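Participant: Here it is, the structure in full.
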Amino acid sequence: MSRLSVGTRSIRPALVVLVAALLGAPAAQAAPLDQAHTAGRVTKSGQYSWPGVYFEGRFRGTSVGVTLNDAASYYDVQIDGRTVATLAKPGRTTYWVRNLSNAEHRVRLVKRSESPWATGEFGGFVGNVLTKPAARTRQIEFIGDSLTAGYGNLSTTRDCSANGGVDRNTNADISFGALTARTLNADYQINAFSGRGMVRNYNGGEPGTSYRTYYDRALLNVNGDVWQNPGTWRPQLVVVGLGTNDFSTALRPGEQWPTQQSLVAAYKSAYHGFLDKLRARYGSGTTIVVSVPEASGTFADAVRQVAQERGDSRIRYWNYADPALDRLGCDWHFSQRDHRLISGLLNDYIARLGLAW
């Protein structure tokens, strides 16, 4: 097997063509998505914000370059299904993987961490790039908060202040959603935003906003932005996990809900409205799973009631609380082991839904 080596250096976009020419390979296309497959919320110019966004390509030869511009996020570069490098806040760069066997290969770039305050930009693959991989027939959308985003899942200690912090210890590519989608050979979106709830954010923070403020956006840091669905994203399954931040902390004086009962009423009303939006957007054939990681309590009861009140056989309630979950990730979040466990539970649950994939 050929020895593989990787390297990186910053490179101005104007030099990409020159480097490709020196390698005897065609330059990257002007439009970054011409030769890369993605299912995420990515603009036509290759910009994005949500965690877990991925770009997949095919190339022939011994090397490939990955062009991106992002000084806020962490990425994995994968060749033929194997991670060969992790890029930590790389900035504007073309990252090269070299010394591969002279054959056809697959390359994948995936955004590991969250960056709701910043925009990443994919500039395309460079080298002897082939026609992009076909989109998968199956599509799953995961909607949620930090538990869905894979917050701190690489850590083995709940206090991440001494082991690199949350971003370094987060990998959305091994979250339960990504694991489940790969098991099912499905394209997926992880539209997750830590600390946000259906109506109330963690500890009442940023009042007047919620997850719903941001859901429609491609670029989370751009007020009023709306992702333009190219018409290819129509998931057969949507998994919603919102409510932990609404209910995990006590109401504080001055919040708009004077009692827990009023918060529950507002939460349920907003949840119904959000489900109305999803149903209108994706049609009656999409199955929507409303999920809860708590065995019982206010959160679990409210979501169960919403599902029952819908009277819709394609809106299902899934409670995935399990005593085996260790929550050893940063700040008591799911660990890598937990995400594997939850993915197994979700795969079993999906198998019983009878989806028309």
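Naming scheme: A, B, ... for chains in displayed order of the structure tokens; residues 1 onward per chain; ligands 1 onward as shown.
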Residues at most 8 Å from Gln35 of chain A, counting only C-alpha atoms, excluding those fewer than 6 positions away in the same chain, as an NGL selection string?

Facilitator: :A and (29 or 57 or 124-125 or 129-132)

Participant: With all heavy atoms retained, could you export that selection as an mmCIF file, in the first residue's frame?

Facilitator:
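Now in selection22.cif:
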```cif
data_model
loop_
_atom_site.group_PDB
_atom_site.id
_atom_site.type_symbol
_atom_site.label_atom_id
_atom_site.label_comp_id
_atom_site.auth_asym_id
_atom_site.auth_seq_id
_atom_site.Cartn_x
_atom_site.Cartn_y
_atom_site.Cartn_z
ATOM 1 N N GLN A 29 -13.360 23.820 -10.535
ATOM 2 C CA GLN A 29 -14.396 24.570 -11.219
ATOM 3 C C GLN A 29 -14.696 25.865 -10.470
ATOM 4 O O GLN A 29 -14.490 25.971 -9.261
ATOM 5 C CB GLN A 29 -15.661 23.720 -11.304
ATOM 6 C CG GLN A 29 -15.506 22.450 -12.129
ATOM 7 C CD GLN A 29 -15.282 22.746 -13.586
ATOM 8 O OE1 GLN A 29 -15.889 23.638 -14.134
ATOM 9 N NE2 GLN A 29 -14.402 22.010 -14.220
ATOM 10 N N GLY A 57 -16.515 14.188 -2.898
ATOM 11 C CA GLY A 57 -16.081 14.231 -4.285
ATOM 12 C C GLY A 57 -15.340 12.965 -4.693
ATOM 13 O O GLY A 57 -15.047 12.097 -3.867
ATOM 14 N N GLY A 124 -14.095 24.154 -3.107
ATOM 15 C CA GLY A 124 -14.028 23.079 -4.079
ATOM 16 C C GLY A 124 -12.830 22.170 -3.850
ATOM 17 O O GLY A 124 -11.941 22.444 -3.043
ATOM 18 N N PHE A 125 -12.830 21.064 -4.575
ATOM 19 C CA PHE A 125 -11.695 20.136 -4.588
ATOM 20 C C PHE A 125 -10.794 20.482 -5.766
ATOM 21 O O PHE A 125 -11.264 20.937 -6.815
ATOM 22 C CB PHE A 125 -12.190 18.697 -4.689
ATOM 23 C CG PHE A 125 -13.041 18.261 -3.522
ATOM 24 C CD1 PHE A 125 -14.348 17.814 -3.721
ATOM 25 C CD2 PHE A 125 -12.542 18.308 -2.231
ATOM 26 C CE1 PHE A 125 -15.131 17.417 -2.655
ATOM 27 C CE2 PHE A 125 -13.319 17.911 -1.152
ATOM 28 C CZ PHE A 125 -14.627 17.466 -1.352
ATOM 29 N N VAL A 129 -10.256 16.018 -10.634
ATOM 30 C CA VAL A 129 -11.557 15.790 -10.009
ATOM 31 C C VAL A 129 -12.536 15.223 -11.025
ATOM 32 O O VAL A 129 -12.654 15.715 -12.152
ATOM 33 C CB VAL A 129 -12.100 17.094 -9.401
ATOM 34 C CG1 VAL A 129 -13.423 16.850 -8.693
ATOM 35 C CG2 VAL A 129 -11.082 17.689 -8.426
ATOM 36 N N LEU A 130 -13.247 14.188 -10.612
ATOM 37 C CA LEU A 130 -14.198 13.506 -11.483
ATOM 38 C C LEU A 130 -15.619 13.975 -11.182
ATOM 39 O O LEU A 130 -15.841 14.800 -10.302
ATOM 40 C CB LEU A 130 -14.087 11.989 -11.272
ATOM 41 C CG LEU A 130 -12.688 11.391 -11.434
ATOM 42 C CD1 LEU A 130 -12.701 9.913 -11.084
ATOM 43 C CD2 LEU A 130 -12.160 11.619 -12.848
ATOM 44 N N THR A 131 -16.560 13.448 -11.927
ATOM 45 C CA THR A 131 -17.967 13.760 -11.693
ATOM 46 C C THR A 131 -18.333 13.469 -10.236
ATOM 47 O O THR A 131 -17.934 12.451 -9.676
ATOM 48 C CB THR A 131 -18.866 12.925 -12.612
ATOM 49 O OG1 THR A 131 -18.464 13.154 -13.961
ATOM 50 C CG2 THR A 131 -20.325 13.305 -12.448
ATOM 51 N N LYS A 132 -19.091 14.352 -9.635
ATOM 52 C CA LYS A 132 -19.387 14.207 -8.210
ATOM 53 C C LYS A 132 -20.256 12.980 -7.939
ATOM 54 O O LYS A 132 -21.000 12.515 -8.811
ATOM 55 C CB LYS A 132 -20.092 15.448 -7.686
ATOM 56 C CG LYS A 132 -21.459 15.738 -8.278
ATOM 57 C CD LYS A 132 -21.982 17.060 -7.727
ATOM 58 C CE LYS A 132 -23.316 17.450 -8.353
ATOM 59 N NZ LYS A 132 -23.783 18.758 -7.832
#
```

Participant: Could you pull the residues within 10 Å of Val222 of chain A, counting only C-alpha atoms, minus those fewer than 2 positions along the same chain, as a PDB file with C-alpha atoms, in the first residue's frame?

Facilitator:
```pdb
ATOM      1  CA  SER A  49     -22.971  27.611   9.158  1.00  0.00           C
ATOM      2  CA  PRO A 116     -23.357  30.032  14.693  1.00  0.00           C
ATOM      3  CA  TRP A 117     -21.463  33.345  14.837  1.00  0.00           C
ATOM      4  CA  ALA A 118     -19.374  32.685  11.724  1.00  0.00           C
ATOM      5  CA  THR A 119     -19.674  31.564   8.113  1.00  0.00           C
ATOM      6  CA  TYR A 214     -32.699  30.493  13.134  1.00  0.00           C
ATOM      7  CA  ARG A 217     -31.339  30.136   7.686  1.00  0.00           C
ATOM      8  CA  ALA A 218     -28.341  28.812   5.818  1.00  0.00           C
ATOM      9  CA  LEU A 219     -26.076  31.397   7.474  1.00  0.00           C
ATOM     10  CA  LEU A 220     -26.915  31.578  11.148  1.00  0.00           C
ATOM     11  CA  GLY A 224     -33.167  37.351   7.931  1.00  0.00           C
ATOM     12  CA  ASP A 225     -31.170  34.883   5.847  1.00  0.00           C
ATOM     13  CA  VAL A 226     -33.252  32.110   4.263  1.00  0.00           C
TER      14      VAL A 226
END
```

Participant: Which is closest to Gly354 of chain A among A:Ala321, A:Leu237, A:Val303, A:Leu251, if we use only C-alpha atoms?

Facilitator: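 Looking at the shortest contact to Gly354 of chain A, the residue is A:Leu237.
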
Participant: Could you give me, as a ChimeraX atom specification, the residues within 8 Å of Asp331 of chain A, counting only C-alpha atoms and dropping anything in the same chain fewer than 3 positions from it?

Facilitator: /A:152,158-160,328

Participant: Save the residues we just selected, C-alpha atoms, as a PDB file, in the first residue's frame?

Facilitator:
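Contents of result23.pdb, as written:
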```
ATOM      1  CA  GLY A 152     -18.367  17.727  23.593  1.00  0.00           C
ATOM      2  CA  ARG A 158     -17.461  16.546  31.894  1.00  0.00           C
ATOM      3  CA  ASP A 159     -15.177  19.482  32.622  1.00  0.00           C
ATOM      4  CA  CYS A 160     -13.532  20.387  29.313  1.00  0.00           C
ATOM      5  CA  LEU A 328     -19.476  11.898  30.084  1.00  0.00           C
TER       6      LEU A 328
END
```

Participant: Out of A:Lys89, A:Lys44, A:Arg234, A:Arg106, which residue has the shortest atom-to-atom distance to Arg138 of chain A when counting only C-alpha atoms?

Facilitator: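 For Arg138 of chain A, the nearest of the candidates is A:Arg234.
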
Participant: Tell me which of A:Gly241, A:Leu109, A:Arg337, A:Tyr151 sits closest to Gly81 of chain A, counting only C-alpha atoms.

Facilitator: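 Among the listed residues, the smallest separation from Gly81 of chain A belongs to A:Leu109.
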
Participant: Please run DSSP on the backbone and report, as a PyMOL selection string, all residues within segment 88-145 of chain A that come out as strand (DSSP E).

Facilitator: chain A and resi 88+91-98+103-111+120-126+138-144

Participant: Hey, which of A:Leu154, A:Ala302, A:Leu179, A:Val264 ends up closest to Leu345 of chain A? Count only C-alpha atoms.

Facilitator: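 For Leu345 of chain A, the nearest of the given residues is A:Leu179.
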